[in-house]
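Peer 1: File name run.txt; file contents compact mmCIF, C-alpha atoms; full text below.
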# COMPACT_ATOMS: atom_id res chain seq x y z
CA MET A 1 70.46 119.83 123.94
CA THR A 2 70.53 116.72 126.15
CA LEU A 3 72.41 113.64 125.03
CA LYS A 4 70.56 110.36 125.25
CA ASP A 5 72.16 107.12 126.29
CA ASP A 6 71.97 105.89 122.70
CA ASP A 7 73.99 108.90 121.55
CA ILE A 8 77.04 108.00 123.64
CA SER A 9 76.94 104.22 123.40
CA PRO A 10 79.52 102.51 121.18
CA ARG A 11 78.39 102.31 117.59
CA PRO A 12 78.28 98.90 116.00
CA CYS A 13 80.52 98.29 113.00
CA LEU A 14 78.53 99.24 109.90
CA ASN A 15 80.41 96.75 107.75
CA PRO A 16 81.79 93.78 109.73
CA ARG A 17 83.26 92.17 106.61
CA ARG A 18 85.20 95.31 105.71
CA ASP A 19 86.46 95.56 109.31
CA LEU A 20 87.59 91.93 109.23
CA ARG A 21 89.24 92.49 105.85
CA ARG A 22 91.17 95.45 107.26
CA ARG A 23 92.32 93.37 110.23
CA ILE A 24 93.39 90.56 107.90
CA LEU A 25 95.44 92.90 105.73
CA ILE A 26 97.14 94.56 108.69
CA ALA A 27 97.85 91.21 110.35
CA THR A 28 99.34 89.92 107.06
CA TYR A 29 101.35 92.95 105.97
CA LEU A 30 102.97 93.68 109.35
CA PRO A 31 104.73 90.31 109.76
CA SER A 32 105.66 90.40 106.07
CA LEU A 33 107.29 93.80 106.53
CA LEU A 34 109.13 92.60 109.65
CA ALA A 35 110.28 89.37 107.98
CA GLY A 36 111.49 91.34 104.95
CA MET A 37 113.42 93.74 107.16
CA GLY A 38 115.04 90.90 109.09
CA LEU A 39 116.11 89.03 105.98
CA GLY A 40 117.09 92.24 104.19
CA ALA A 41 119.38 93.23 107.06
CA VAL A 42 121.13 89.85 107.09
CA LEU A 43 121.75 89.29 103.36
CA PRO A 44 124.34 92.09 102.82
CA VAL A 45 126.48 91.04 105.82
CA LEU A 46 126.34 87.27 105.32
CA PRO A 47 129.12 87.16 102.65
CA SER A 48 131.47 89.32 104.76
CA THR A 49 130.82 87.05 107.76
CA ALA A 50 131.81 84.01 105.71
CA LEU A 51 134.95 85.76 104.43
CA ASP A 52 135.98 86.78 107.95
CA TYR A 53 135.71 83.17 109.13
CA GLY A 54 137.98 81.77 106.45
CA ALA A 55 135.87 81.41 103.33
CA SER A 56 137.24 82.26 99.89
CA SER A 57 135.24 84.45 97.52
CA ALA A 58 134.01 81.31 95.74
CA ASP A 59 133.01 79.77 99.08
CA ALA A 60 131.10 82.93 100.04
CA ALA A 61 129.24 82.87 96.70
CA TRP A 62 128.41 79.20 97.23
CA ILE A 63 127.09 79.93 100.73
CA MET A 64 124.84 82.71 99.38
CA SER A 65 123.52 80.32 96.73
CA MET A 66 122.33 78.06 99.57
CA ILE A 67 119.50 80.55 100.19
CA MET A 68 118.09 80.01 96.72
CA PHE A 69 118.73 76.26 96.97
CA GLY A 70 116.83 76.16 100.28
CA SER A 71 113.89 78.02 98.76
CA LEU A 72 113.85 75.69 95.76
CA LEU A 73 114.17 72.63 98.00
CA ALA A 74 111.24 73.69 100.20
CA SER A 75 108.78 74.87 97.53
CA LEU A 76 106.96 71.56 97.07
CA PRO A 77 107.22 70.22 100.65
CA ALA A 78 105.97 73.59 101.92
CA SER A 79 102.73 73.12 99.99
CA VAL A 80 102.09 69.76 101.64
CA LEU A 81 103.00 71.16 105.05
CA THR A 82 100.64 74.11 104.63
CA ALA A 83 97.80 71.84 103.52
CA ARG A 84 98.26 69.54 106.53
CA LEU A 85 98.91 72.07 109.29
CA GLY A 86 97.23 75.24 108.05
CA GLU A 87 98.72 78.65 107.27
CA ARG A 88 99.09 80.11 110.77
CA PRO A 89 101.37 77.37 112.22
CA CYS A 90 103.47 77.39 109.05
CA LEU A 91 103.92 81.16 109.16
CA VAL A 92 104.94 81.08 112.81
CA GLY A 93 107.25 78.10 112.32
CA ALA A 94 108.94 79.58 109.24
CA ALA A 95 109.64 82.90 110.98
CA LEU A 96 111.01 81.09 114.04
CA LEU A 97 113.21 78.89 111.84
CA GLN A 98 114.73 81.99 110.29
CA ALA A 99 115.15 83.58 113.73
CA VAL A 100 117.03 80.52 115.01
CA ALA A 101 119.21 80.48 111.87
CA VAL A 102 120.18 84.13 112.32
CA ALA A 103 120.73 83.68 116.08
CA GLY A 104 123.27 80.99 115.27
CA LEU A 105 125.41 83.61 113.51
CA ILE A 106 125.78 85.87 116.54
CA HIS A 107 128.75 84.17 118.25
CA ASP A 108 131.73 82.89 116.22
CA PRO A 109 129.95 80.69 113.65
CA SER A 110 131.85 78.08 111.66
CA LEU A 111 131.57 77.95 107.88
CA PRO A 112 129.30 74.85 107.95
CA LEU A 113 127.04 76.68 110.40
CA ILE A 114 126.92 79.76 108.15
CA ALA A 115 126.00 77.55 105.18
CA ALA A 116 123.32 75.78 107.25
CA ALA A 117 121.92 79.16 108.33
CA ALA A 118 121.72 80.30 104.71
CA LEU A 119 119.92 77.07 103.79
CA ALA A 120 117.46 77.54 106.67
CA LEU A 121 116.81 81.14 105.63
CA GLY A 122 115.85 79.95 102.15
CA ILE A 123 113.62 77.19 103.50
CA GLY A 124 111.90 79.57 105.91
CA GLN A 125 111.42 82.17 103.20
CA SER A 126 109.73 79.62 100.92
CA VAL A 127 107.38 78.25 103.60
CA PHE A 128 106.50 81.75 104.84
CA ALA A 129 105.75 83.07 101.35
CA LEU A 130 103.58 80.09 100.38
CA ALA A 131 101.55 80.07 103.61
CA ARG A 132 101.06 83.85 103.45
CA GLN A 133 99.82 83.74 99.86
CA THR A 134 97.48 80.81 100.56
CA TYR A 135 95.98 82.66 103.51
CA LEU A 136 95.41 85.90 101.58
CA VAL A 137 93.86 84.13 98.60
CA ASP A 138 91.28 82.53 100.91
CA ALA A 139 90.68 85.66 102.98
CA ILE A 140 90.41 88.41 100.33
CA PRO A 141 87.60 88.76 97.72
CA VAL A 142 88.56 88.38 94.06
CA ALA A 143 87.47 91.98 93.38
CA ILE A 144 90.42 93.37 95.37
CA ARG A 145 92.77 90.38 95.09
CA ALA A 146 95.31 92.07 92.81
CA ARG A 147 95.51 95.19 94.98
CA ALA A 148 95.94 93.09 98.11
CA LEU A 149 98.69 90.93 96.59
CA SER A 150 100.38 93.85 94.83
CA THR A 151 100.48 95.73 98.11
CA LEU A 152 101.95 92.63 99.71
CA GLY A 153 104.67 92.66 97.06
CA GLY A 154 105.26 96.36 97.77
CA VAL A 155 105.49 95.73 101.50
CA LEU A 156 108.08 93.01 100.90
CA ARG A 157 110.13 95.42 98.77
CA MET A 158 109.91 98.04 101.52
CA GLY A 159 111.20 95.55 104.04
CA MET A 160 114.05 94.42 101.79
CA PHE A 161 114.95 98.08 101.21
CA ALA A 162 114.66 99.22 104.85
CA GLY A 163 116.49 96.20 106.27
CA PRO A 164 119.90 96.96 104.72
CA LEU A 165 119.60 100.64 105.65
CA CYS A 166 118.91 99.80 109.30
CA GLY A 167 121.66 97.19 109.18
CA SER A 168 124.17 99.73 107.90
CA ALA A 169 123.33 102.09 110.76
CA LEU A 170 123.71 99.28 113.31
CA ILE A 171 127.10 98.29 111.89
CA ILE A 172 128.35 101.87 112.16
CA LEU A 173 127.07 102.26 115.73
CA HIS A 174 127.57 98.81 117.27
CA GLY A 175 129.23 96.45 114.79
CA ARG A 176 128.05 93.52 112.69
CA THR A 177 126.90 91.38 115.62
CA ALA A 178 124.21 93.96 116.37
CA VAL A 179 122.68 93.29 112.94
CA TYR A 180 122.21 89.60 113.75
CA VAL A 181 120.79 90.38 117.20
CA ALA A 182 118.33 92.93 115.78
CA ALA A 183 117.32 90.63 112.88
CA THR A 184 116.68 87.75 115.30
CA THR A 185 114.49 89.99 117.44
CA VAL A 186 112.53 91.28 114.46
CA LEU A 187 111.92 87.75 113.15
CA VAL A 188 110.65 86.59 116.56
CA ILE A 189 108.25 89.55 116.63
CA ALA A 190 107.13 88.62 113.10
CA ALA A 191 106.38 85.08 114.32
CA ALA A 192 104.36 86.44 117.23
CA THR A 193 102.29 88.71 114.98
CA CYS A 194 101.57 85.80 112.62
CA TRP A 195 99.76 84.02 115.44
CA LEU A 196 97.29 86.94 115.61
CA LEU A 197 95.95 86.32 112.10
CA PRO A 198 92.13 86.27 112.24
CA THR A 199 90.18 83.42 110.70
CA PRO A 200 88.43 84.57 107.46
CA THR A 201 84.65 84.80 107.57
CA GLY A 202 82.87 81.54 106.81
CA ARG A 203 86.01 79.44 106.93
CA ASP A 204 86.96 76.80 109.43
CA ASP A 205 90.57 77.22 110.50
CA SER A 206 91.12 73.46 110.61
CA PRO A 207 93.39 72.00 107.91
CA LEU A 208 91.75 71.04 104.61
CA PRO A 209 91.81 67.49 103.22
CA VAL A 210 95.15 66.92 101.55
CA THR A 211 95.39 66.56 97.78
CA THR A 212 98.54 64.99 96.35
CA LEU A 213 101.02 67.02 94.33
CA ARG A 214 100.73 64.51 91.50
CA THR A 215 96.96 64.99 91.29
CA VAL A 216 97.28 68.79 91.15
CA LEU A 217 100.14 68.66 88.65
CA TYR A 218 98.19 66.40 86.30
CA GLY A 219 94.88 68.22 86.71
CA ASP A 220 96.39 71.65 85.95
CA ARG A 221 99.09 70.50 83.53
CA ARG A 222 97.98 72.94 80.83
CA PHE A 223 98.42 75.92 83.16
CA PHE A 224 101.88 74.80 84.28
CA ALA A 225 102.98 74.12 80.69
CA THR A 226 101.84 77.54 79.44
CA ILE A 227 101.42 80.32 82.00
CA GLY A 228 103.69 78.42 84.40
CA PHE A 229 106.42 78.57 81.74
CA GLY A 230 105.87 82.33 81.47
CA ILE A 231 106.19 82.64 85.25
CA ALA A 232 109.53 80.81 85.11
CA LEU A 233 110.75 83.13 82.33
CA LEU A 234 109.72 86.24 84.28
CA ALA A 235 111.44 84.91 87.41
CA ALA A 236 114.60 84.33 85.35
CA VAL A 237 114.55 87.97 84.23
CA ARG A 238 113.98 89.23 87.76
CA GLY A 239 116.73 87.01 89.15
CA SER A 240 119.18 88.12 86.45
CA ARG A 241 118.51 91.77 87.23
CA GLN A 242 120.27 91.43 90.59
CA VAL A 243 123.39 90.17 88.83
CA VAL A 244 123.57 91.98 85.51
CA LEU A 245 123.33 95.57 86.76
CA PRO A 246 126.36 95.27 89.10
CA LEU A 247 128.30 93.39 86.40
CA TRP A 248 127.57 96.03 83.77
CA ALA A 249 128.44 98.82 86.21
CA GLU A 250 131.81 97.16 86.75
CA HIS A 251 132.13 96.73 82.98
CA CYS A 252 131.72 100.49 82.66
CA GLY A 253 134.47 101.11 85.22
CA LEU A 254 132.23 102.34 88.06
CA ASP A 255 133.49 101.99 91.63
CA ALA A 256 131.73 99.97 94.32
CA ALA A 257 130.20 102.99 96.04
CA THR A 258 128.63 104.27 92.81
CA THR A 259 127.35 100.81 91.94
CA SER A 260 125.78 100.40 95.40
CA LEU A 261 124.09 103.78 95.04
CA ILE A 262 122.63 102.82 91.65
CA ILE A 263 121.33 99.51 92.99
CA SER A 264 119.78 101.20 96.04
CA LEU A 265 118.12 103.80 93.83
CA SER A 266 116.72 101.07 91.61
CA TRP A 267 115.17 99.21 94.56
CA ALA A 268 113.77 102.46 95.96
CA VAL A 269 112.01 103.19 92.66
CA ASP A 270 110.71 99.61 92.62
CA VAL A 271 108.16 100.33 95.35
CA LEU A 272 106.48 103.31 93.65
CA LEU A 273 104.00 101.55 91.35
CA PHE A 274 102.80 98.53 93.33
CA TYR A 275 99.35 99.94 94.12
CA PRO A 276 98.60 101.43 90.66
CA GLY A 277 99.59 98.09 89.15
CA GLY A 278 97.22 96.23 91.46
CA TRP A 279 94.41 98.68 90.74
CA LEU A 280 94.82 98.18 87.00
CA MET A 281 94.79 94.40 87.39
CA ASP A 282 91.59 94.52 89.43
CA HIS A 283 89.82 96.82 86.97
CA TYR A 284 91.25 95.86 83.56
CA GLY A 285 92.61 92.35 83.97
CA ARG A 286 96.01 90.81 84.67
CA ARG A 287 97.32 91.51 81.16
CA ALA A 288 97.15 95.24 81.92
CA THR A 289 100.31 94.93 84.03
CA ALA A 290 101.77 91.63 82.79
CA LEU A 291 102.54 93.03 79.34
CA PRO A 292 103.98 96.42 80.43
CA THR A 293 106.10 94.61 83.04
CA THR A 294 107.63 92.03 80.70
CA PHE A 295 108.03 94.14 77.57
CA GLY A 296 109.07 97.16 79.66
CA MET A 297 111.93 95.19 81.21
CA ALA A 298 112.86 93.86 77.77
CA LEU A 299 113.19 97.42 76.43
CA ALA A 300 115.12 98.56 79.50
CA PHE A 301 117.65 95.72 79.30
CA ALA A 302 117.95 96.22 75.54
CA ALA A 303 119.20 99.75 76.29
CA LEU A 304 121.87 98.53 78.74
CA PRO A 305 124.56 97.63 76.14
CA TRP A 306 124.41 101.22 74.87
CA THR A 307 125.28 102.73 78.26
CA GLN A 308 128.84 103.69 79.14
CA ASP A 309 128.66 105.77 82.32
CA ALA A 310 126.96 105.98 85.71
CA LEU A 311 124.10 108.12 84.41
CA GLY A 312 123.23 105.62 81.70
CA VAL A 313 123.40 102.59 84.01
CA ALA A 314 121.28 104.43 86.59
CA ALA A 315 118.70 105.31 83.94
CA VAL A 316 118.41 101.66 82.89
CA GLY A 317 118.19 100.61 86.55
CA ILE A 318 115.30 103.03 87.07
CA LEU A 319 113.48 101.83 83.93
CA VAL A 320 113.86 98.20 85.00
CA ALA A 321 112.61 99.08 88.49
CA LEU A 322 109.57 100.94 87.14
CA SER A 323 108.61 97.99 84.95
CA ASN A 324 109.22 95.44 87.68
CA GLY A 325 107.46 97.50 90.34
CA PHE A 326 104.43 97.86 88.07
CA GLY A 327 104.17 94.07 88.17
CA SER A 328 104.45 93.79 91.95
CA GLY A 329 102.27 90.87 93.05
CA LEU A 330 101.62 89.86 89.43
CA VAL A 331 102.75 86.23 89.77
CA MET A 332 100.96 85.81 93.10
CA THR A 333 97.76 87.16 91.54
CA ILE A 334 97.97 85.01 88.39
CA THR A 335 98.54 81.84 90.38
CA ALA A 336 95.83 82.78 92.89
CA ASP A 337 93.31 83.20 90.05
CA ALA A 338 94.05 79.74 88.68
CA SER A 339 94.40 77.91 92.00
CA PRO A 340 91.59 75.46 92.88
CA ALA A 341 89.91 75.56 96.29
CA GLN A 342 90.83 71.92 96.82
CA GLY A 343 94.59 71.54 96.57
CA ARG A 344 95.36 75.27 96.59
CA PRO A 345 98.56 75.03 98.67
CA GLN A 346 99.92 72.33 96.36
CA PHE A 347 99.05 74.37 93.26
CA LEU A 348 100.75 77.46 94.65
CA GLY A 349 103.73 75.36 95.74
CA ILE A 350 104.24 73.97 92.24
CA SER A 351 103.94 77.48 90.82
CA ARG A 352 106.51 78.76 93.30
CA PHE A 353 108.82 75.87 92.38
CA LEU A 354 108.67 76.94 88.73
CA GLY A 355 109.43 80.53 89.75
CA ASP A 356 112.39 79.41 91.88
CA LEU A 357 113.71 77.35 88.97
CA GLY A 358 113.57 80.43 86.77
CA ALA A 359 115.14 82.66 89.42
CA ALA A 360 118.05 80.22 89.72
CA GLY A 361 118.31 79.53 85.99
CA GLY A 362 118.38 83.17 84.85
CA PRO A 363 121.68 84.12 86.55
CA ALA A 364 123.12 80.73 85.55
CA LEU A 365 122.30 81.42 81.87
CA LEU A 366 123.76 84.92 82.17
CA SER A 367 126.97 83.49 83.62
CA LEU A 368 127.18 80.81 80.90
CA MET A 369 126.67 83.25 78.02
CA THR A 370 129.12 85.74 79.52
CA GLY A 371 131.76 83.02 79.85
CA LEU A 372 131.20 81.59 76.35
CA LEU A 373 130.66 84.85 74.45
CA SER A 374 130.45 88.17 76.30
CA LEU A 375 128.49 90.11 78.91
CA THR A 376 126.63 91.85 76.08
CA ALA A 377 125.47 88.46 74.78
CA GLY A 378 124.28 87.63 78.29
CA VAL A 379 122.26 90.86 78.41
CA TRP A 380 120.57 90.04 75.11
CA CYS A 381 119.63 86.63 76.50
CA ILE A 382 117.81 88.41 79.33
CA VAL A 383 116.00 90.55 76.75
CA ALA A 384 114.92 87.39 74.94
CA LEU A 385 113.64 85.86 78.19
CA ALA A 386 111.58 88.98 78.95
CA VAL A 387 110.09 89.02 75.45
CA GLY A 388 109.30 85.31 75.75
CA ALA A 389 107.49 85.87 79.06
CA GLY A 390 105.49 88.71 77.52
CA MET A 391 104.47 86.60 74.54
CA VAL A 392 103.32 83.74 76.80
CA PHE A 393 101.23 86.09 78.93
CA ALA A 394 99.82 87.88 75.87
CA HIS A 395 98.63 84.58 74.40
CA TYR A 396 97.44 82.66 77.46
CA LEU A 397 96.35 85.17 80.11
CA PRO A 398 92.63 85.97 79.98
CA ARG A 399 91.77 89.56 79.14
CA ARG A 400 89.52 89.95 82.19
CA THR A 401 89.19 88.15 85.50
CA SER A 402 85.66 87.75 86.80
CA ALA A 403 85.00 88.66 90.43
Mind turning the file's structure into structure tokens?
Peer 2:
Amino acid sequence: MTLKDDDISPRPCLNPRRDLRRRILIATYLPSLLAGMGLGAVLPVLPSTALDYGASSADAAWIMSMIMFGSLLASLPASVLTARLGERPCLVGAALLQAVAVAGLIHDPSLPLIAAAALALGIGQSVFALARQTYLVDAIPVAIRARALSTLGGVLRMGMFAGPLCGSALIILHGRTAVYVAATTVLVIAAATCWLLPTPTGRDDSPLPVTTLRTVLYGDRRFFATIGFGIALLAAVRGSRQVVLPLWAEHCGLDAATTSLIISLSWAVDVLLFYPGGWLMDHYGRRATALPTTFGMALAFAALPWTQDALGVAAVGILVALSNGFGSGLVMTITADASPAQGRPQFLGISRFLGDLGAAGGPALLSLMTGLLSLTAGVWCIVALAVGAGMVFAHYLPRRTSA
């Protein structure tokens, strides 16, 4: 049999849109994974760096809080910046800002410099997350939106899990400075990959006309007062999780090594259900994961006061992780569904601001209730927040989302 020229010539892409979609997803997930790894490697060593350069334990805690403050501070300005400049420059700039912040920690940083680096990390994280979400919402069809955003949430979790592991290995082999050098390099590579993002089909890559935050806030005030409130409650529960599990482990008399193992196991389990959760949202609506996530975490935290040993705390940590992982990308998907084409960055920025408020307020409420009453009372407050979020979503989220 003789081959003809047509038989050996390159075959055209049978589905150009699907090929472009695949390129978009790869070009979005890769820098997100790298950025997550870079930030994940830095966060565990930042407090010890502050302590070694003269900070007290309270000072180190205050410096770590600057990350959340930076994210909260940048949420609304990031939306305006993204609308004016476009997603690609904002992604590149945010990653480079974080790289510069981490690079400043390599050689004998002062405490003000460490605090400024933490603030810059939070600002960069907020701008990067908002620009990335805005880009994906425009680039991906509604029919697979939840899967795309849930996978994005899973990729972020993978990066935040892999970063500390790689950082630990670097510390053992080369010392703490190597972590900052490696994280800086990874963040620069993330910035470079962001510049390769393809322009979605049928969309001009030039910045859209800017809509004011006030106009978006007033026009979508019902969403922010209802579902936005639920988003804040869910963020409060998720933020409290990072505090309450270590506190309860210490309450049960567990040592630091056992507590770290339980927390690591919980985060590892967190990545298991991101794709099934996205698939359910795409096929059966956002409530299909919103309700199991919120009420599942409520049940898991309600079991925490009954635990007294490592096995019990680990079991609760796994249940919380399963519920939370099931809702990976949930908030990004809900806000993407409601966001208008005109003023989308501002809408997503306001939504992120509400989430950051909740993420900061949850641990603060836990601390207040623990100080006034007891840690058990603080845990039950988290349960109430999770139930409240579930009730808001059950009442206001539509049963189905049309493609």
Peer 1: Can you list, as number ranges by chain, every protein, DNA or RNA residue that comes within 12 Å of segment 164-181 of chain A when you count only C-alpha atoms, leaving out same-chain residues fewer than 4 positions away?
Peer 2: A: 36-49, 52, 98-109, 117, 157-160, 185-188, 260-261, 264, 267-268
Peer 1: Using all atoms listed in the file, what table do you get, as JSON lines, when you list each residue of segment 277-321 of chain A with an atom no more than 12 Å from segment 329-353 of chain A, its nearest pair of atoms, and their distance in Å rounded to one decimal, rows by chain then rising number?
Peer 2:
{"residue": "A:Gly277", "atom": "CA", "partner": "A:Leu330", "partner_atom": "CA", "distance": 8.5}
{"residue": "A:Gly278", "atom": "CA", "partner": "A:Gly329", "partner_atom": "CA", "distance": 7.5}
{"residue": "A:Trp279", "atom": "CA", "partner": "A:Gly329", "partner_atom": "CA", "distance": 11.3}
{"residue": "A:Leu280", "atom": "CA", "partner": "A:Leu330", "partner_atom": "CA", "distance": 11.0}
{"residue": "A:Met281", "atom": "CA", "partner": "A:Leu330", "partner_atom": "CA", "distance": 8.5}
{"residue": "A:Asp282", "atom": "CA", "partner": "A:Thr333", "partner_atom": "CA", "distance": 9.8}
{"residue": "A:Gly285", "atom": "CA", "partner": "A:Ile334", "partner_atom": "CA", "distance": 10.1}
{"residue": "A:Arg286", "atom": "CA", "partner": "A:Ile334", "partner_atom": "CA", "distance": 7.2}
{"residue": "A:Arg287", "atom": "CA", "partner": "A:Leu330", "partner_atom": "CA", "distance": 9.5}
{"residue": "A:Ala288", "atom": "CA", "partner": "A:Leu330", "partner_atom": "CA", "distance": 10.3}
{"residue": "A:Thr289", "atom": "CA", "partner": "A:Leu330", "partner_atom": "CA", "distance": 7.5}
{"residue": "A:Ala290", "atom": "CA", "partner": "A:Leu330", "partner_atom": "CA", "distance": 6.9}
{"residue": "A:Leu291", "atom": "CA", "partner": "A:Leu330", "partner_atom": "CA", "distance": 10.6}
{"residue": "A:Pro292", "atom": "CA", "partner": "A:Leu330", "partner_atom": "CA", "distance": 11.4}
{"residue": "A:Thr293", "atom": "CA", "partner": "A:Leu330", "partner_atom": "CA", "distance": 9.1}
{"residue": "A:Thr294", "atom": "CA", "partner": "A:Leu330", "partner_atom": "CA", "distance": 10.8}
Peer 1: For each of A:Pro363, A:Gly378, A:Pro246, A:Gly355, take the minimum atom-to-atom distance to Ala314 of chain A, counting only C-alpha atoms, then give the residue where this is smallest.
Peer 2: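 Once distances to Ala314 of chain A are computed over only C-alpha atoms, the minimum belongs to A:Pro246.
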Peer 1: Just how far from atom CA of Arg23 of chain A is atom CA of Ala94 of chain A, in Å to one decimal?
Peer 2: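 That distance, rounded to one decimal, is 21.6 Å.
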Peer 1: Find the residue from A:Trp248, A:Tyr396, A:Phe224, A:Phe229 that sits nearest to Thr307 of chain A; use only C-alpha atoms when measuring.
Peer 2: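 Ranked by minimum distance to Thr307 of chain A, first place goes to A:Trp248.
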Peer 1: Using all atoms listed in the file, which of A:Gln308, A:Ser367, A:Asn324, A:Ser65 sits nearest Ser150 of chain A?
Peer 2: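 Once distances to Ser150 of chain A are computed over all atoms listed in the file, the minimum belongs to A:Asn324.
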Peer 1: Which protein, DNA or RNA residues have an atom at most 10 Å from (129.8, 95.7, 82.0), counting all atoms listed in the file? List them as a ChimeraX atom specification.
Peer 2: /A:244-254,304-305,307-308,313,374-376,379
Peer 1: Given the point (109.8, 81.5, 108.7) in the file's coordinates, find the residues that have an atom at most 9 Å from it, counting all atoms listed in the file, and give them as JSON, numbers by chain.
Peer 2: {"A": [35, 90, 91, 92, 93, 94, 95, 96, 97, 98, 99, 120, 121, 123, 124, 125, 126, 127, 128, 129, 187, 190, 191]}
